[in-house]
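Student: Sharing a structure below in structure tokens format, with a few things to ask.
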Amino acid sequence: MQDTPFSRPVVVGIDVGGTKTQLRAFMGEGQVADHVRTSGGWRPHDPVAAAEWLAALIADALPTGARPSAVAVGGHACETPRQCDLIRIALHRHFDAPALVVGDAELLVPAAGLDKGVGLVAGTGSVAVGRRPDGSVVQVGGWGAVLGDEGGSAGLVREAARALWAAHDRGEAPDALASALVEAFGVAEVPALGAALEAASDVSAEWGRHAPAVFAAAEAGSLLARDVIAAGGRSLAALVVRLSARGVAADDVVIAGSTVLAQPRLYDAFTAALAEALPGARPRPLRVPPVEGAMALARSLL
């Protein structure tokens with residue numbers, strides 16, 4: 001009997017990021033879908049809603065008549081194994097193929113072609129994840145821009161504002177960082193930055209989009225900006241150190257994120273701090289889309 005166009009397994013991998021989502025699907029070695037859309041509507045803390053969102057995404061992206069035979073999802077803000085598993089269980093209401101749901105940072109190691117290591121993301125926020133030898137997941141960081149996410153763009157802006165306020169309290173004259181952030185937030189002076197930060201309706205996005213001002217100030221000679229960036233790099237390295245202390249193999253550290261990979265000053269600060277704290281750790285910038293990790297995980301389910 002001949003195969004119909006979609007009678008063979010269609011393997012689906014999905015990377016749900018903080019701002020955009022990418023789905024890829026393959027039948028054998030042939031790609032049948034590569035779909036990118038915004039992540040608007042993704043509600044990872046509501047398993048039923050999250051599963052419905054994923055099912056609609058799959059139905060929209062796959063060719064007519066195609067049904068998934070395995071699905072792996074890396075989900076932004078899917079923070080615990082229990083939360084991810086509840087989404088996986090809810091997915092089975094929509095199709096009976098084997099499925100796996102993990103946090104989006106867990107896609108990095110398989111995307112790099114590795115079976116163990118640390119995945120570190122520093123984009124708008126920051127988080128690191130890995131697995132112990134028994135397979136249990138350990139995630140550190142990722143606590144949001146208000147209280148955490150050091151080394152991510154939003155966290156850098158927060159710390160830059162704190163550094164400026166401390167300099168103001170010491171009676172220091174405004175420097176290039178002060179000028180850059182005051183202009184970026186459209187306020188008249190450093191003390192007004194507090195109200196501007198507090199007025200943000202989406203803290204991570206609205207703070208994070210001003211991170212280029214911090215890096216520009218560092219290039220313009222601001223010692224405050226340089227100190228903030230160096231501290232951000234040390235904070236990212238500290239995430240890897242925490243994972244290593246908890247039994248995660250940290251020989252390979254796969255790095256992704258629009259901030260750390262796009263800003264050499266931050267990347268260099270991170271790698272220098274990592275080399276000092278864990279001399280055997282190898283930083284490996286991810287050169288392929290994280291959705292490749294989702295595809296690798298999906299294929300492992302067959």
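Ligands are numbered from 1 in the order shown, chains are lettered A, B, ... in the order of the structure tokens, and residues start at 1 in each chain.
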Would you list the contacts of Ser300 (chain A) as JSON, numbers by chain, taking every protein, DNA or RNA residue within 12 Å and counting only C-alpha atoms, but skipping same-chain residues closer than 6 positions in sequence?

Tutor: {"A": [11, 12, 13, 69, 70, 71, 72, 98, 99, 100, 110, 115, 293, 294]}

Student: Output N, CA and C atoms for every residue in that selection, as a PDB file, in the first residue's frame.

Tutor:
ATOM      1  N   VAL A  11       6.621  15.122  12.578  1.00  0.00           N
ATOM      2  CA  VAL A  11       7.228  15.454  13.868  1.00  0.00           C
ATOM      3  C   VAL A  11       7.230  16.973  14.015  1.00  0.00           C
ATOM      4  N   VAL A  12       6.746  17.457  15.164  1.00  0.00           N
ATOM      5  CA  VAL A  12       6.546  18.897  15.368  1.00  0.00           C
ATOM      6  C   VAL A  12       7.380  19.388  16.547  1.00  0.00           C
ATOM      7  N   GLY A  13       8.130  20.448  16.323  1.00  0.00           N
ATOM      8  CA  GLY A  13       8.857  21.121  17.390  1.00  0.00           C
ATOM      9  C   GLY A  13       8.421  22.568  17.481  1.00  0.00           C
ATOM     10  N   SER A  69       2.731  13.216  14.870  1.00  0.00           N
ATOM     11  CA  SER A  69       3.017  11.922  15.483  1.00  0.00           C
ATOM     12  C   SER A  69       3.894  12.074  16.718  1.00  0.00           C
ATOM     13  N   ALA A  70       4.475  13.252  16.903  1.00  0.00           N
ATOM     14  CA  ALA A  70       5.239  13.579  18.110  1.00  0.00           C
ATOM     15  C   ALA A  70       5.370  15.095  18.170  1.00  0.00           C
ATOM     16  N   VAL A  71       5.225  15.643  19.379  1.00  0.00           N
ATOM     17  CA  VAL A  71       5.286  17.092  19.563  1.00  0.00           C
ATOM     18  C   VAL A  71       6.166  17.396  20.772  1.00  0.00           C
ATOM     19  N   ALA A  72       7.126  18.306  20.597  1.00  0.00           N
ATOM     20  CA  ALA A  72       7.916  18.806  21.723  1.00  0.00           C
ATOM     21  C   ALA A  72       7.821  20.325  21.737  1.00  0.00           C
ATOM     22  N   PRO A  98       2.534  11.229  21.229  1.00  0.00           N
ATOM     23  CA  PRO A  98       3.397  11.523  22.378  1.00  0.00           C
ATOM     24  C   PRO A  98       3.836  12.984  22.353  1.00  0.00           C
ATOM     25  N   ALA A  99       3.888  13.593  23.530  1.00  0.00           N
ATOM     26  CA  ALA A  99       4.224  15.010  23.619  1.00  0.00           C
ATOM     27  C   ALA A  99       5.157  15.241  24.803  1.00  0.00           C
ATOM     28  N   LEU A 100       5.929  16.302  24.710  1.00  0.00           N
ATOM     29  CA  LEU A 100       6.831  16.723  25.775  1.00  0.00           C
ATOM     30  C   LEU A 100       6.779  18.238  25.843  1.00  0.00           C
ATOM     31  N   PRO A 110      19.907  20.566  23.460  1.00  0.00           N
ATOM     32  CA  PRO A 110      19.692  19.700  22.298  1.00  0.00           C
ATOM     33  C   PRO A 110      19.839  20.441  20.972  1.00  0.00           C
ATOM     34  N   ASP A 115      23.785  16.248  24.596  1.00  0.00           N
ATOM     35  CA  ASP A 115      22.812  15.541  25.435  1.00  0.00           C
ATOM     36  C   ASP A 115      22.894  15.968  26.898  1.00  0.00           C
ATOM     37  N   GLY A 293      16.189  22.576  18.851  1.00  0.00           N
ATOM     38  CA  GLY A 293      16.176  21.743  20.048  1.00  0.00           C
ATOM     39  C   GLY A 293      14.844  21.067  20.258  1.00  0.00           C
ATOM     40  N   ALA A 294      13.764  21.798  19.956  1.00  0.00           N
ATOM     41  CA  ALA A 294      12.434  21.191  20.057  1.00  0.00           C
ATOM     42  C   ALA A 294      12.291  20.050  19.064  1.00  0.00           C
TER      43      ALA A 294
END

Student: Considering only C-alpha atoms, return as a ChimeraX atom specification whatever protein or nucleic-acid residues lie within 10 Å of region 269-272 of chain A, sequence-local ones (same chain, fewer than 4 positions apart) excluded.

Tutor: /A:151,226,229-238,260,264-265,276-279,281-283

Student: Please, what distance in Å, to one decimal, runs between CA of Leu297 (chain A) and CA of Leu274 (chain A)?

Tutor: 27.9 Å

Student: Closest to Gly247 (chain A) among A:Ala298, A:Val137, A:Leu54, A:Leu193, using only C-alpha atoms?

Tutor: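 Closest residue, counting only C-alpha atoms: A:Val137.
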
Student: Please provide the set of residues having any atom within 10 Å of region 76-78 of chain A, restricted to only C-alpha atoms, with same-chain residues fewer than 6 positions apart removed, written as an MDAnalysis selection string.

Tutor: chainID A and resid 15:21 39 42:45 84:85 87 101:105 142:144

Student: Would you kindly return, as a list in words, each protein, DNA or RNA residue with an atom no farther than 8 Å from any atom of His210 (chain A), considering only C-alpha atoms and excluding same-chain residues fewer than 5 positions away?

Tutor: Ser153, Ala154, Val157, Leu181, Ala184 and Phe185 of chain A

Student: Do a neighbour search on Val48 (chain A) at 9 Å with only C-alpha atoms, toss out local chain neighbours closer than 3 positions, and write the hits as a PyMOL selection string.

Tutor: chain A and resi 44+51-53+86-87+90-91

Student: Would you put the residues from that selection into a file with N, CA and C atoms, as an mmCIF file, in the first residue's frame?

Tutor:
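Saved to out_24.cif:
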data_model
loop_
_atom_site.group_PDB
_atom_site.id
_atom_site.type_symbol
_atom_site.label_atom_id
_atom_site.label_comp_id
_atom_site.auth_asym_id
_atom_site.auth_seq_id
_atom_site.Cartn_x
_atom_site.Cartn_y
_atom_site.Cartn_z
ATOM 1 N N PRO A 44 0.927 30.240 29.966
ATOM 2 C CA PRO A 44 1.491 28.995 30.483
ATOM 3 C C PRO A 44 1.024 28.608 31.877
ATOM 4 N N ALA A 51 -2.714 24.660 26.245
ATOM 5 C CA ALA A 51 -2.856 23.537 25.320
ATOM 6 C C ALA A 51 -3.731 23.909 24.132
ATOM 7 N N GLU A 52 -4.802 24.651 24.373
ATOM 8 C CA GLU A 52 -5.661 25.090 23.276
ATOM 9 C C GLU A 52 -4.893 26.000 22.327
ATOM 10 N N TRP A 53 -4.073 26.879 22.886
ATOM 11 C CA TRP A 53 -3.262 27.795 22.070
ATOM 12 C C TRP A 53 -2.291 27.000 21.199
ATOM 13 N N LEU A 86 1.434 19.549 33.256
ATOM 14 C CA LEU A 86 -0.003 19.809 33.168
ATOM 15 C C LEU A 86 -0.388 20.273 31.760
ATOM 16 N N ILE A 87 0.484 21.058 31.122
ATOM 17 C CA ILE A 87 0.219 21.464 29.742
ATOM 18 C C ILE A 87 0.283 20.247 28.822
ATOM 19 N N ALA A 90 -2.863 18.271 29.144
ATOM 20 C CA ALA A 90 -3.975 18.954 28.481
ATOM 21 C C ALA A 90 -3.877 18.850 26.964
ATOM 22 N N LEU A 91 -2.666 18.764 26.433
ATOM 23 C CA LEU A 91 -2.499 18.622 24.991
ATOM 24 C C LEU A 91 -3.134 17.338 24.465
#

Student: Counting only C-alpha atoms, figure out which residue out of A:Leu177, A:Ala145, A:Val73, A:Ala250 gets nearest to Val129 (chain A).

Tutor: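 Counting only C-alpha atoms, the residue closest to Val129 (chain A) is A:Ala250.
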
Student: As a PyMOL selection string, please: every residue in region 30-230 of chain A that DSSP puts in strand (DSSP E or B).

Tutor: chain A and resi 30-38+68-75+99-103+118-122+126-131+137-141

Student: CA of Ala275 (chain A) and CA of Asp227 (chain A) are how many Å apart?

Tutor: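 Distance between the two atoms: 18.6 Å.
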
Student: Among region 75-267 of chain A, which residues carry a DSSP assignment of alpha helix (DSSP H), reported as a ChimeraX atom specification?

Tutor: /A:81-91,108-111,153-169,176-185,193-198,203-208,211-219,223-245,264-267

Student: Pick out the closest residue to Glu183 (chain A) from this set: A:Leu23, A:Leu108, A:Val248, A:Ala213. Count only C-alpha atoms.

Tutor: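 Checking each candidate against Glu183 (chain A), we get A:Ala213 as the closest.
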